[in-house]
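> First the structure, which I've put down as structure tokens, then a few questions once you've had a look.
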Amino acid sequence: MCNEVAALSVDADGNIIIAGVHNAPASVPYQGNAYIQKTDQAGEVLWNEYLMGNIIVGDMAAVGNNVLIIGQSNGPFTYQDVEYGSGPYFMFAMMIDANGNYLWHFTDEAKYGVYSNISVGNTENIALHIRNQSNLGDWIIIIDEDGNTLNSKLLSPNNTLAIDIAYYNDRVYINGGYNGQTSVTIDTIEIVQPPVEHSVFVLALDENLVATWVSEDTTINNRDGRIVANEAGIFSYQDVLRTPFTVKNLIKKFDFEGQLLTEVEAPFFTTATTPYPDMAATPSMVALFTKNSFNSDSHKVMLFDHDLNVLSEKAIDGASSHYSGQIANYGDDVFVAQVFSGDLNFNNELTLAYPGGTGNFPYIAEIASPEMTGISNEVDETSNLSVYPNPADKMITISNDKKQVIGGSFSICDLKGNVVKGGMLNQNSTTIDVSRLPAGVYVLKAVMVDGSSLQEKIFVR
């Protein structure tokens, strides 16, 4: 029996790793023996390893082809028959290689690893979030891939509650909550306690872990906050409170200077249910995986473009745990994992049969996304063509930068390969009306008489 999928990640070769607790008492947070399982992209299991003890898994991430797991251990634990740690309880982090072999570990009895987070940066280093042993107050620690501490910062000894972190271009972005009696100042940045309920914030730390900006909102309970970042910006999920006492599930996009660029309400089943989401940022999308019912019998995967327009929604219906939903990506390929206790229906496209017996079983699924169609954005350099605007809501233009006669044809296809619009290319430029196309992702193909071509993904709003 498997209690949870507590973490999901994809390594540099596209192999998928999940981790969680199994065969433990049914109380949250789950604690007991923890498993780590690695599969290839076809779902074939490559290996299983176990941390034997009283483990609570905080997070896990692929670091290249290695795997870093972090969490809490109540007493010493063993890995591959070797004992690690000491004391009645302690936070731990352990790195293993691509074959599951031990590389290094560290423990800290003064810190609490239950709600810890890992974010692997794009500049080789790794950011960790770990709470104080009292489960109040937050540490941000930067380490290298060998486990050496490069920098650390205590945000607040007892008032902040960081929920999730993102680490990009050596800067840390924190999604958290604050429920102190007065405001709290981190460096020169003040987080203000609102007059009603609590504060939910996104806080930015620079490469020296100095706070540079904060964005605040009001929440009842931001325990489900998530944050991701890539070259497109910073994306944050928050439960926010709007008057008169209405909870809204918002996804916000910020630029790197802290300006709110856009926010959308995630189209859940209801704002009254606690969604327990997870997020991933791909090169062209933002992916959200969330509970979508009062019970644990429906989940939803939503794919947004970087302007937070909905590209696709996928339903996963059947008995599954709302505590274990995880999402990750490899390029624009999107994977989800959780545990299930009955047959699952994936958007009426696939059925996963329950193996039988009692208890939960883990699964990993690949979710159809624009890049899974085999479409690329490669452009023939000899074509000299450009397409704009993209995204578009009314017209797009195919233009020849060299101001030469184009000649040829174009087609626009949906993600199933159906041609939804086509025609001939005019001289110098061609304008195409896309106002009647449903919002979503399409593929524009243009072929010139000289044999040069263009193929580009376009977004219609």
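Residue numbering restarts at 1 for every chain of the structure tokens, chains are lettered A, B, ... in their displayed order, and ligands are numbered from 1 as they appear.
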Within 10 Å of A:Leu437, counting only C-alpha atoms, which residues qualify if same-chain residues fewer than 6 places away don't, as a ChimeraX atom specification?

/A:393-394,414,420-421,460-461

> Identify all residues of stretch 74-145 of chain A in strand (DSSP E or B) (DSSP on the backbone) and supply them as a PyMOL selection string.

chain A and resi 77-79+82-84+90-96+102-108+111-120+126-132+138-143

> Please dump the current selection as a short mmCIF file (atom, residue, chain, number, x, y, z; two decimals), in the first residue's frame; keep C-alpha atoms.


```
data_model
loop_
_atom_site.label_atom_id
_atom_site.label_comp_id
_atom_site.auth_asym_id
_atom_site.auth_seq_id
_atom_site.Cartn_x
_atom_site.Cartn_y
_atom_site.Cartn_z
CA PHE A 77 17.04 5.93 9.14
CA THR A 78 18.81 3.54 6.80
CA TYR A 79 19.47 3.74 3.08
CA VAL A 82 23.65 2.14 5.99
CA GLU A 83 22.35 4.18 8.94
CA TYR A 84 22.18 7.97 8.80
CA PHE A 90 15.96 16.07 12.54
CA MET A 91 15.72 17.57 9.09
CA PHE A 92 17.71 15.69 6.43
CA ALA A 93 18.79 16.08 2.82
CA MET A 94 20.33 13.26 0.75
CA MET A 95 21.69 13.20 -2.80
CA ILE A 96 21.82 9.96 -4.77
CA TYR A 102 24.43 7.41 -2.15
CA LEU A 103 26.48 10.55 -2.85
CA TRP A 104 26.15 12.80 0.22
CA HIS A 105 23.79 13.89 2.98
CA PHE A 106 23.45 16.37 5.80
CA THR A 107 21.15 16.62 8.82
CA ASP A 108 20.17 19.44 11.17
CA LYS A 111 15.42 22.56 11.69
CA TYR A 112 12.07 21.03 10.68
CA GLY A 113 11.95 19.23 7.34
CA VAL A 114 8.24 18.40 7.05
CA TYR A 115 7.27 21.33 4.83
CA SER A 116 10.65 21.78 3.16
CA ASN A 117 11.06 22.69 -0.51
CA ILE A 118 13.71 22.30 -3.20
CA SER A 119 14.12 24.49 -6.28
CA VAL A 120 16.92 23.67 -8.70
CA ILE A 126 20.02 24.71 -5.53
CA ALA A 127 17.72 26.64 -3.19
CA LEU A 128 16.24 24.96 -0.11
CA HIS A 129 13.43 26.17 2.12
CA ILE A 130 13.40 24.69 5.63
CA ARG A 131 11.42 25.76 8.68
CA ASN A 132 12.59 26.13 12.25
CA ASP A 138 11.72 30.06 7.49
CA TRP A 139 15.28 29.47 6.35
CA ILE A 140 16.41 29.88 2.76
CA ILE A 141 19.65 27.99 2.11
CA ILE A 142 21.63 27.96 -1.14
CA ILE A 143 23.80 24.89 -1.75
#
```

> So that I can see what lies close to A:Phe254, please list as a PDB file with C-alpha atoms, in the first residue's frame the residues with an atom at most 10 Å from it, counting only C-alpha atoms and leaving out residues fewer than 5 positions away in the same chain.


```
ATOM      1  CA  VAL A 202       5.254  36.834  -3.011  1.00  0.00           C
ATOM      2  CA  SER A 215       3.549  41.734  -3.471  1.00  0.00           C
ATOM      3  CA  ALA A 229       9.697  30.898 -12.485  1.00  0.00           C
ATOM      4  CA  ALA A 232       8.894  34.270 -19.102  1.00  0.00           C
ATOM      5  CA  GLY A 233       8.455  35.563 -15.546  1.00  0.00           C
ATOM      6  CA  ILE A 234       7.229  34.505 -12.109  1.00  0.00           C
ATOM      7  CA  PHE A 235       3.943  32.617 -11.757  1.00  0.00           C
ATOM      8  CA  SER A 236       2.210  32.290  -8.399  1.00  0.00           C
ATOM      9  CA  GLN A 259       5.220  44.305 -11.255  1.00  0.00           C
ATOM     10  CA  LEU A 260       1.976  42.314 -11.487  1.00  0.00           C
ATOM     11  CA  LEU A 261       1.462  41.735 -15.213  1.00  0.00           C
ATOM     12  CA  THR A 262      -1.748  39.751 -15.125  1.00  0.00           C
ATOM     13  CA  GLU A 263      -3.899  37.566 -12.920  1.00  0.00           C
TER      14      GLU A 263
END
```

> Find the spatial neighbours of A:Ile55, counting only C-alpha atoms, within a cut-off of 10 Å - ignore same-chain residues fewer than 4 positions away - and output them as a ChimeraX atom specification.

/A:20-21,24,29-35,51,70-77,89,91-92,113-114

> Write out as a ChimeraX atom specification each polymer residue whose atoms come within 12 Å of A:Gly357, counting only C-alpha atoms; drop sequence neighbours fewer than 5 positions from it.

/A:1,341-342

> From the options A:Val301, A:Leu444, A:Leu250, A:Val434, which residue's atoms come nearest to A:Ala392, counting only C-alpha atoms?

A:Val434

> Find the residues near A:Val334: any atom within 12 Å, counting only C-alpha atoms, skip ones fewer than 3 places away on the same chain, and give them as an mmCIF file with C-alpha atoms, in the first residue's frame.


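Final file, out02.cif:
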```
data_model
loop_
_atom_site.group_PDB
_atom_site.id
_atom_site.type_symbol
_atom_site.label_atom_id
_atom_site.label_comp_id
_atom_site.auth_asym_id
_atom_site.auth_seq_id
_atom_site.Cartn_x
_atom_site.Cartn_y
_atom_site.Cartn_z
ATOM 1 C CA LEU A 8 7.664 14.179 -8.703
ATOM 2 C CA SER A 9 10.583 15.274 -10.858
ATOM 3 C CA VAL A 10 12.123 14.603 -14.279
ATOM 4 C CA GLY A 14 13.670 12.662 -19.344
ATOM 5 C CA ILE A 16 10.753 10.324 -14.137
ATOM 6 C CA GLN A 41 9.422 8.027 -20.286
ATOM 7 C CA MET A 279 2.473 23.866 -10.667
ATOM 8 C CA ALA A 280 5.151 23.591 -13.335
ATOM 9 C CA ALA A 281 6.543 26.123 -15.806
ATOM 10 C CA THR A 282 7.522 24.797 -19.232
ATOM 11 C CA PRO A 283 9.244 26.707 -22.061
ATOM 12 C CA SER A 284 5.858 27.746 -23.482
ATOM 13 C CA MET A 285 3.270 26.938 -20.805
ATOM 14 C CA VAL A 286 2.251 27.050 -17.167
ATOM 15 C CA ALA A 287 0.746 23.769 -15.943
ATOM 16 C CA LEU A 288 -1.536 23.422 -12.919
ATOM 17 C CA PHE A 289 -2.740 20.158 -11.346
ATOM 18 C CA VAL A 301 -4.829 19.523 -15.349
ATOM 19 C CA MET A 302 -4.904 23.025 -16.822
ATOM 20 C CA LEU A 303 -2.384 24.290 -19.357
ATOM 21 C CA LYS A 314 -7.762 17.660 -18.917
ATOM 22 C CA GLN A 326 2.158 16.273 -8.362
ATOM 23 C CA ILE A 327 3.045 17.787 -11.739
ATOM 24 C CA ALA A 328 6.405 18.214 -13.493
ATOM 25 C CA ASN A 329 7.717 18.734 -16.991
ATOM 26 C CA TYR A 330 10.479 17.774 -19.412
ATOM 27 C CA GLY A 331 10.541 20.596 -21.918
ATOM 28 C CA ALA A 337 1.580 11.516 -10.511
ATOM 29 C CA ILE A 364 2.578 8.388 -13.443
ATOM 30 C CA ALA A 365 0.840 9.758 -16.543
ATOM 31 C CA GLU A 366 1.933 11.915 -19.449
ATOM 32 C CA ILE A 367 -0.585 14.603 -20.308
ATOM 33 C CA ALA A 368 -1.106 15.617 -23.931
ATOM 34 C CA SER A 369 0.324 19.063 -24.587
ATOM 35 C CA PRO A 370 1.077 21.097 -27.709
ATOM 36 C CA GLU A 371 4.630 19.809 -27.991
ATOM 37 C CA MET A 372 3.486 16.168 -27.793
#
```

> What separation in Å, quoted to one decimal, exists between atom CA of A:Gly53 and atom CA of A:Val339?

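These atoms are spaced 21.3 Å apart.
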
> Suppose you want the space between atom CA of A:Glu456 and atom CA of A:Met424; what is it in Å?

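The value is 17.0 Å.
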
> Could you name the residues that touch A:Leu161 at 9 Å or less, counting only C-alpha atoms, but leaving out those on the same chain fewer than 6 positions away, as a short mmCIF file (atom, residue, chain, number, x, y, z; two decimals) with N, CA and C atoms, in the first residue's frame?


```cif
data_model
loop_
_atom_site.label_atom_id
_atom_site.label_comp_id
_atom_site.auth_asym_id
_atom_site.auth_seq_id
_atom_site.Cartn_x
_atom_site.Cartn_y
_atom_site.Cartn_z
N ARG A 131 11.95 25.03 7.54
CA ARG A 131 11.42 25.76 8.68
C ARG A 131 12.22 25.48 9.95
N ASN A 135 8.28 24.73 13.57
CA ASN A 135 7.42 24.87 12.40
C ASN A 135 6.97 26.31 12.21
N LEU A 136 7.70 27.25 12.76
CA LEU A 136 7.46 28.68 12.54
C LEU A 136 8.79 29.32 12.17
N GLY A 137 8.73 30.24 11.23
CA GLY A 137 9.96 30.85 10.76
C GLY A 137 10.55 30.04 9.62
N ASP A 138 11.27 30.70 8.73
CA ASP A 138 11.72 30.06 7.49
C ASP A 138 13.17 30.38 7.19
N ASN A 175 6.53 32.11 -2.13
CA ASN A 175 5.09 32.24 -1.95
C ASN A 175 4.81 31.84 -0.51
N GLY A 176 4.23 32.75 0.27
CA GLY A 176 4.03 32.44 1.67
C GLY A 176 2.89 33.21 2.29
N GLY A 177 2.75 33.03 3.58
CA GLY A 177 1.72 33.72 4.34
C GLY A 177 2.30 34.31 5.61
N TYR A 178 1.58 35.28 6.16
CA TYR A 178 2.02 35.94 7.38
C TYR A 178 0.81 36.17 8.28
N ASN A 179 0.92 35.72 9.53
CA ASN A 179 -0.21 35.87 10.45
C ASN A 179 0.23 36.40 11.81
N ARG A 223 -2.22 27.90 2.66
CA ARG A 223 -1.43 26.67 2.77
C ARG A 223 -1.23 25.99 1.42
#
```

> To one decimal in Å, tell me the separation between atom CA of A:Asn360 and atom CA of A:Asn48.

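Separating atom CA of A:Asn360 from atom CA of A:Asn48 is a distance of 17.4 Å.
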
> Rank A:Gln338, A:Asn390, A:Asn208, A:Ser324 by their smallest atom-to-atom distance to A:Asp307, using only C-alpha atoms, and report the top residue only.

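Among the listed residues, A:Asn390 lies closest to A:Asp307.
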
> Which of these, A:Asp97, A:Leu425, A:Ser156, A:Glu207, has the shortest distance to A:Thr123 once you count only C-alpha atoms?

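With only C-alpha atoms as the atom set, the closest residue is A:Glu207.
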
> Using the chain letters and numbers from this document, which residues of stretch 263-438 of chain A does DSSP assign to helix (DSSP H, G or I), as a PyMOL selection string?

chain A and resi 370-373

> Which one is closest to A:Ser298: A:Asn345, A:Val449, A:Asn249, A:Pro277? Count only C-alpha atoms.

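Going through A:Asn345, A:Val449, A:Asn249, A:Pro277 one by one, the smallest distance to A:Ser298 is for A:Asn345.
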